[in-house]
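**Student:** The structure file input.pdb (PDB, C-alpha atoms) is provided below.
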```
MODEL        1
ATOM      1  CA  MET A   1      11.100  -1.770   0.677
ATOM      2  CA  THR A   2       8.828   1.231   0.370
ATOM      3  CA  LYS A   3       5.050   1.105   0.531
ATOM      4  CA  SER A   4       4.571   1.873  -3.162
ATOM      5  CA  ARG A   5       7.001  -0.838  -4.239
ATOM      6  CA  GLY A   6       5.354  -3.405  -1.974
ATOM      7  CA  VAL A   7       1.876  -2.653  -3.297
ATOM      8  CA  LEU A   8       3.140  -2.658  -6.889
ATOM      9  CA  LEU A   9       4.828  -6.024  -6.364
ATOM     10  CA  VAL A  10       1.619  -7.599  -5.055
ATOM     11  CA  LEU A  11      -0.376  -6.171  -7.977
ATOM     12  CA  ILE A  12       2.137  -7.487 -10.522
ATOM     13  CA  LEU A  13       1.941 -10.882  -8.842
ATOM     14  CA  ALA A  14      -1.864 -10.834  -9.051
ATOM     15  CA  ALA A  15      -1.686  -9.903 -12.739
ATOM     16  CA  ALA A  16       0.648 -12.843 -13.415
ATOM     17  CA  LEU A  17      -1.666 -15.254 -11.601
ATOM     18  CA  TRP A  18      -4.632 -13.906 -13.546
ATOM     19  CA  ALA A  19      -2.782 -14.412 -16.846
ATOM     20  CA  ILE A  20      -2.215 -18.059 -15.924
ATOM     21  CA  THR A  21      -5.930 -18.517 -15.254
ATOM     22  CA  LEU A  22      -6.663 -17.477 -18.853
ATOM     23  CA  ALA A  23      -4.729 -20.468 -20.173
ATOM     24  CA  THR A  24      -6.307 -23.852 -20.878
ATOM     25  CA  TRP A  25      -5.983 -26.020 -17.784
ATOM     26  CA  GLN A  26      -7.927 -29.025 -19.110
ATOM     27  CA  THR A  27      -8.710 -30.423 -22.522
ATOM     28  CA  GLY A  28     -10.972 -33.277 -23.456
ATOM     29  CA  ALA A  29     -14.203 -34.290 -25.097
ATOM     30  CA  GLY A  30     -17.591 -34.673 -23.533
ATOM     31  CA  SER A  31     -20.046 -37.510 -24.014
ATOM     32  CA  GLU A  32     -22.085 -35.831 -26.772
ATOM     33  CA  PRO A  33     -19.516 -35.021 -29.444
ATOM     34  CA  LEU A  34     -18.630 -38.647 -30.108
ATOM     35  CA  GLY A  35     -18.674 -40.147 -33.574
ATOM     36  CA  PRO A  36     -20.342 -43.398 -34.568
ATOM     37  CA  SER A  37     -17.298 -45.419 -33.589
ATOM     38  CA  GLY A  38     -17.031 -43.751 -30.167
ATOM     39  CA  VAL A  39     -14.122 -41.501 -31.156
ATOM     40  CA  ALA A  40     -14.269 -37.839 -30.239
ATOM     41  CA  LEU A  41     -14.636 -35.525 -33.185
ATOM     42  CA  PRO A  42     -11.541 -33.256 -33.453
ATOM     43  CA  ASP A  43     -13.510 -30.088 -34.120
ATOM     44  CA  GLN A  44     -15.677 -30.520 -31.033
ATOM     45  CA  ALA A  45     -12.997 -30.899 -28.322
ATOM     46  CA  GLU A  46     -13.755 -29.051 -25.091
ATOM     47  CA  THR A  47     -11.298 -26.653 -23.492
ATOM     48  CA  THR A  48     -11.541 -25.589 -19.906
ATOM     49  CA  GLN A  49      -9.851 -22.635 -18.230
ATOM     50  CA  ALA A  50      -9.093 -22.310 -14.541
ATOM     51  CA  SER A  51     -11.851 -22.757 -12.002
ATOM     52  CA  PRO A  52     -13.813 -19.733 -10.785
ATOM     53  CA  ILE A  53     -12.224 -20.278  -7.362
ATOM     54  CA  ALA A  54      -8.769 -19.529  -8.789
ATOM     55  CA  THR A  55     -10.078 -16.365 -10.454
ATOM     56  CA  ALA A  56     -11.689 -15.250  -7.185
ATOM     57  CA  CYS A  57      -8.410 -15.863  -5.329
ATOM     58  CA  VAL A  58      -6.586 -13.627  -7.813
ATOM     59  CA  ALA A  59      -9.149 -10.865  -7.248
ATOM     60  CA  ILE A  60      -8.717 -11.165  -3.467
ATOM     61  CA  ILE A  61      -4.935 -10.853  -3.782
ATOM     62  CA  ALA A  62      -5.247  -7.733  -5.961
ATOM     63  CA  VAL A  63      -7.741  -6.062  -3.611
ATOM     64  CA  CYS A  64      -5.603  -6.904  -0.569
ATOM     65  CA  GLY A  65      -2.609  -5.351  -2.296
ATOM     66  CA  LEU A  66      -4.500  -2.089  -2.750
ATOM     67  CA  LEU A  67      -5.945  -2.097   0.772
ATOM     68  CA  SER A  68      -2.541  -2.676   2.353
ATOM     69  CA  ALA A  69      -1.580   0.911   1.522
ATOM     70  CA  MET A  70      -4.519   2.302   3.514
ATOM     71  CA  PHE A  71      -4.125   0.531   6.852
ATOM     72  CA  GLY A  72      -1.734   0.686   9.769
ATOM     73  CA  ARG A  73       0.679  -2.027  10.836
ATOM     74  CA  ILE A  74      -1.898  -4.355  12.422
ATOM     75  CA  GLY A  75      -4.381  -3.842   9.589
ATOM     76  CA  ARG A  76      -1.697  -4.646   7.022
ATOM     77  CA  PHE A  77      -0.912  -7.949   8.742
ATOM     78  CA  VAL A  78      -4.599  -8.885   8.602
ATOM     79  CA  ILE A  79      -4.834  -7.880   4.932
ATOM     80  CA  PHE A  80      -1.715  -9.793   3.967
ATOM     81  CA  GLY A  81      -2.996 -12.792   5.933
ATOM     82  CA  LEU A  82      -6.077 -12.827   3.714
ATOM     83  CA  ALA A  83      -3.846 -12.532   0.644
ATOM     84  CA  LEU A  84      -1.815 -15.526   1.835
ATOM     85  CA  LEU A  85      -4.998 -17.574   2.250
ATOM     86  CA  ALA A  86      -6.061 -16.579  -1.260
ATOM     87  CA  ALA A  87      -2.681 -17.671  -2.646
ATOM     88  CA  LEU A  88      -3.053 -21.009  -0.875
ATOM     89  CA  GLY A  89      -6.547 -21.375  -2.341
ATOM     90  CA  TYR A  90      -5.106 -20.691  -5.793
ATOM     91  CA  GLY A  91      -2.558 -23.432  -5.231
ATOM     92  CA  MET A  92      -5.247 -25.892  -4.096
ATOM     93  CA  SER A  93      -7.226 -25.159  -7.256
ATOM     94  CA  ALA A  94      -4.121 -25.909  -9.303
ATOM     95  CA  ILE A  95      -3.573 -29.217  -7.473
ATOM     96  CA  THR A  96      -7.193 -30.194  -8.089
ATOM     97  CA  ALA A  97      -6.870 -29.345 -11.780
ATOM     98  CA  MET A  98      -3.672 -31.404 -12.055
ATOM     99  CA  GLY A  99      -5.558 -34.522 -10.950
ATOM    100  CA  ALA A 100      -8.453 -34.002 -13.353
ATOM    101  CA  PRO A 101      -8.608 -35.953 -16.613
ATOM    102  CA  GLY A 102      -7.225 -34.100 -19.611
ATOM    103  CA  ALA A 103      -5.101 -31.778 -17.502
ATOM    104  CA  THR A 104      -2.485 -29.738 -19.321
ATOM    105  CA  SER A 105       0.802 -28.468 -17.971
ATOM    106  CA  TRP A 106      -0.716 -25.111 -16.969
ATOM    107  CA  PRO A 107      -1.928 -26.302 -13.541
ATOM    108  CA  LEU A 108       1.686 -27.158 -12.723
ATOM    109  CA  PHE A 109       2.744 -23.611 -13.647
ATOM    110  CA  ALA A 110      -0.156 -22.328 -11.564
ATOM    111  CA  LEU A 111       1.025 -24.349  -8.562
ATOM    112  CA  LEU A 112       4.568 -23.000  -8.886
ATOM    113  CA  ALA A 113       3.167 -19.470  -9.235
ATOM    114  CA  ALA A 114       1.061 -19.995  -6.090
ATOM    115  CA  ILE A 115       4.158 -21.068  -4.131
ATOM    116  CA  LEU A 116       5.983 -17.977  -5.390
ATOM    117  CA  ALA A 117       2.976 -15.840  -4.429
ATOM    118  CA  VAL A 118       3.037 -17.161  -0.859
ATOM    119  CA  ILE A 119       6.747 -16.359  -0.565
ATOM    120  CA  VAL A 120       6.431 -12.862  -2.051
ATOM    121  CA  ILE A 121       3.334 -11.904  -0.041
ATOM    122  CA  GLY A 122       4.976 -13.129   3.162
ATOM    123  CA  TRP A 123       8.097 -11.106   2.368
ATOM    124  CA  VAL A 124       6.094  -7.960   1.663
ATOM    125  CA  ALA A 125       4.115  -8.486   4.881
ATOM    126  CA  VAL A 126       7.330  -8.635   6.915
ATOM    127  CA  ALA A 127       8.781  -5.624   5.109
ATOM    128  CA  SER A 128       5.586  -3.634   5.724
ATOM    129  CA  ARG A 129       6.563  -3.234   9.387
ATOM    130  CA  HIS A 130       8.910  -0.440   8.327
ATOM    131  CA  TRP A 131       6.441   1.382   6.120
ATOM    132  CA  THR A 132       5.876   4.976   7.155
ATOM    133  CA  GLY A 133       2.940   7.270   6.551
ATOM    134  CA  SER A 134       2.854   9.677   3.628
ATOM    135  CA  ASN A 135       1.836  12.719   5.719
ATOM    136  CA  ARG A 136       4.000  15.644   4.635
ATOM    137  CA  TYR A 137       3.652  17.263   8.052
ATOM    138  CA  ALA A 138       4.941  14.061   9.633
ATOM    139  CA  ARG A 139       7.971  14.080   7.348
ATOM    140  CA  THR A 140       8.685  17.741   8.103
ATOM    141  CA  ALA A 141       8.382  17.225  11.839
ATOM    142  CA  GLU A 142      10.612  14.174  11.759
ATOM    143  CA  SER A 143      13.255  15.989   9.720
ATOM    144  CA  ALA A 144      13.154  18.909  12.134
ATOM    145  CA  GLY A 145      13.608  16.566  15.069
ATOM    146  CA  GLY A 146      10.370  17.644  16.727
ATOM    147  CA  ASP A 147       7.495  15.679  18.178
ATOM    148  CA  PHE A 148       4.543  15.055  15.913
ATOM    149  CA  ASP A 149       1.001  14.209  16.929
ATOM    150  CA  SER A 150      -0.927  12.985  13.892
ATOM    151  CA  ALA A 151      -4.301  13.093  15.657
ATOM    152  CA  ALA A 152      -3.800  16.697  16.760
ATOM    153  CA  THR A 153      -2.639  17.677  13.283
ATOM    154  CA  TRP A 154      -5.660  16.048  11.671
ATOM    155  CA  ASP A 155      -8.027  17.802  14.097
ATOM    156  CA  ALA A 156      -6.366  21.127  13.359
ATOM    157  CA  LEU A 157      -6.697  20.604   9.624
ATOM    158  CA  SER A 158     -10.365  19.624  10.045
ATOM    159  CA  ARG A 159     -11.001  22.921  11.843
ATOM    160  CA  GLY A 160      -9.335  24.792   8.986
ATOM    161  CA  GLU A 161      -6.306  25.844  11.012
ATOM    162  CA  GLU A 162      -2.908  26.135   9.433
ATOM    163  CA  VAL A 163      -0.484  23.567  10.749
ATOM    164  CA  GLU A 164       3.073  24.718  11.307
ATOM    165  CA  SER A 165       5.988  22.379  10.897
ATOM    166  CA  GLY A 166       8.720  22.088  13.508
ATOM    167  CA  GLU A 167      11.101  24.286  11.514
ATOM    168  CA  GLU A 168       8.521  27.054  10.986
ATOM    169  CA  ARG A 169       7.645  26.970  14.686
ATOM    170  CA  GLN A 170      11.301  27.316  15.704
ATOM    171  CA  THR A 171      11.798  30.223  13.294
ATOM    172  CA  ALA A 172       8.719  32.030  14.645
ATOM    173  CA  GLU A 173       9.897  31.548  18.230
ATOM    174  CA  ALA A 174      13.362  32.864  17.378
ATOM    175  CA  GLU A 175      11.954  36.008  15.752
ATOM    176  CA  GLU A 176       9.569  36.775  18.615
ATOM    177  CA  PRO A 177      11.266  38.989  21.257
ATOM    178  CA  ALA A 178      11.485  37.637  24.764
ATOM    179  CA  PRO A 179       9.109  39.135  27.346
ATOM    180  CA  GLY A 180      10.565  42.181  29.132
ATOM    181  CA  SER A 181      13.194  42.745  26.478
ATOM    182  CA  ARG A 182      11.229  45.046  24.247
ATOM    183  CA  GLU A 183      13.353  47.766  22.764
ATOM    184  CA  THR A 184      12.621  51.298  23.878
ATOM    185  CA  PRO A 185      12.221  53.831  21.103
ATOM    186  CA  GLU A 186      15.325  55.763  20.409
ATOM    187  CA  THR A 187      15.222  59.389  21.506
ATOM    188  CA  GLU A 188      16.578  62.267  19.569
ATOM    189  CA  PRO A 189      19.536  64.095  21.063
ATOM    190  CA  GLY A 190      18.316  66.773  23.367
ATOM    191  CA  ASP A 191      14.958  65.151  24.041
ATOM    192  CA  ASP A 192      16.028  64.205  27.545
ATOM    193  CA  GLU A 193      17.002  67.751  28.347
ATOM    194  CA  ALA A 194      14.560  69.747  30.374
ATOM    195  CA  PRO A 195      12.861  72.572  28.505
ATOM    196  CA  PRO A 196      14.230  76.046  29.372
ATOM    197  CA  LYS A 197      12.253  77.884  31.991
ATOM    198  CA  GLY A 198      10.629  80.945  30.674
TER     199      GLY A 198
ENDMDL
END
```
What is this structure when it is put down as structure tokens?
**Tutor:**
Amino acid sequence: MTKSRGVLLVLILAAALWAITLATWQTGAGSEPLGPSGVALPDQAETTQASPIATACVAIIAVCGLLSAMFGRIGRFVIFGLALLAALGYGMSAITAMGAPGATSWPLFALLAAILAVIVIGWVAVASRHWTGSNRYARTAESAGGDFDSAATWDALSRGEEVESGEERQTAEAEEPAPGSRETPETEPGDDEAPPKG
């Protein structure tokens, strides 16, 4: 799995979780909109969406998905760990909503989506070990089979120096003549002859 696909998968997952939070998780009537006989009036029924905690967990998952593309291997594991905790928090919010009075079937879908989110985020976190950087100089050096020092390349670019890839460096070295093997200028015929004595 490439880095772009992993990030896109986490963002799609966050969008799906956010769509579930827009649904009605609880329905019921409060104490005020009751008629004279104690029956809730049909036009005054209350609807409740997901808790703010679930919405915050979705935001954390989306932000972690974006940040995972900017960090190294250790940083990605920390970021995906936070995303896993957010997915677990989303699932706990769904469990709490399932036990509340007037709960609809949406908290059950939210719980299943949270379980799927934990599985997908864990899979992306494991696959992120093989993600490579997007530095074009790194790709050129790796394809040329040469050593690449990212810190040295970055310092050279910061100083405004032009960075040569491994292939360009090998071509320049091949075109440069070896020391002591400089060609002597060709002489015209007769130039080596001594001038006639007058």
**Student:** Figure out the distance between CA of Ala87 in chain A and CA of Ile115 in chain A, please, to one decimal in Å.
**Tutor:**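 These two atoms are separated by 7.8 Å.
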**Student:** Which polymer residues have any atom within 8 Å of an atom of Leu67 in chain A, counting only C-alpha atoms, with same-chain residues fewer than 3 positions away left out, as an MDAnalysis selection string?
**Tutor:** chainID A and resid 63:64 70:71 76 79
**Student:** Can you work out the spacing between CA of Lys3 in chain A and CA of Leu17 in chain A in Å, to one decimal?
**Tutor:**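 Here the two named atoms are 21.4 Å from each other.
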**Student:** Identify which of the residues A:Gln49, A:Ala16, A:Arg73, A:Ala59 lies closest to Thr132 in chain A, counting all atoms listed in the file when measuring atom-to-atom distances.
**Tutor:**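 Looking only at the distances to Thr132 in chain A, the closest residue turns out to be A:Arg73.
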**Student:** Rounded to one decimal in Å, what is the spacing between CA of His130 in chain A and CA of Ile61 in chain A?
**Tutor:** 21.1 Å
**Student:** Which is closest to Ala110 in chain A among A:Thr153, A:Ser4, A:Thr27, A:Thr55, if we use all atoms listed in the file?
**Tutor:**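 Nearest to Ala110 in chain A: A:Thr55.
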**Student:** Given only C-alpha atoms as the basis, pick out the residue of A:Pro107, A:Arg5, A:Ala114, A:Phe80 nearest to Ala62 in chain A.
**Tutor:**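 For Ala62 in chain A, the nearest of the given residues is A:Phe80.
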**Student:** Using only C-alpha atoms, which of the listed residues (A:Ala56, A:Ile95, A:Leu88, A:Ala117) sits closest to Leu11 in chain A?
**Tutor:**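 Of the candidates, the smallest distance to Leu11 in chain A is held by A:Ala117.
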**Student:** Please list as an NGL selection string every residue within 9 Å of Ser51 in chain A, counting all atoms listed in the file and excluding residues in the same chain fewer than 3 positions away.
**Tutor:** :A and (21 or 25 or 48 or 54-56 or 93-94 or 97)
**Student:** Please provide as a list in words all residues within 10 Å of Ser128 in chain A, with the sequence filter that same-chain residues fewer than 3 positions apart are discarded (counting only C-alpha atoms).
**Tutor:** Met1, Thr2, Lys3, Gly6, Val7, Ser68, Ala69, Gly72, Arg73, Arg76, Phe77, Phe80, Gly122, Trp123, Val124, Ala125, Trp131 and Thr132 of chain A
**Student:** Restrict the selected residues to C-alpha atoms and save them as a compact mmCIF listing (two decimals), in the frame of the given file.
**Tutor:**
```txt
# COMPACT_ATOMS: atom_id res chain seq x y z
CA MET A 1 11.10 -1.77 0.68
CA THR A 2 8.83 1.23 0.37
CA LYS A 3 5.05 1.10 0.53
CA GLY A 6 5.35 -3.40 -1.97
CA VAL A 7 1.88 -2.65 -3.30
CA SER A 68 -2.54 -2.68 2.35
CA ALA A 69 -1.58 0.91 1.52
CA GLY A 72 -1.73 0.69 9.77
CA ARG A 73 0.68 -2.03 10.84
CA ARG A 76 -1.70 -4.65 7.02
CA PHE A 77 -0.91 -7.95 8.74
CA PHE A 80 -1.72 -9.79 3.97
CA GLY A 122 4.98 -13.13 3.16
CA TRP A 123 8.10 -11.11 2.37
CA VAL A 124 6.09 -7.96 1.66
CA ALA A 125 4.12 -8.49 4.88
CA TRP A 131 6.44 1.38 6.12
CA THR A 132 5.88 4.98 7.16
```
**Student:** From the options A:Met92, A:Val118, A:Ala103, A:Ala50, which residue's atoms come nearest to Leu13 in chain A, counting all atoms listed in the file?
**Tutor:**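 Ranking A:Met92, A:Val118, A:Ala103, A:Ala50 by distance to Leu13 in chain A, first place goes to A:Val118.
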**Student:** Point out the residue among A:Cys57, A:Ile119, A:Leu66, A:Ile74 with the least atom-to-atom distance to Gly89 in chain A, counting only C-alpha atoms.
**Tutor:** A:Cys57
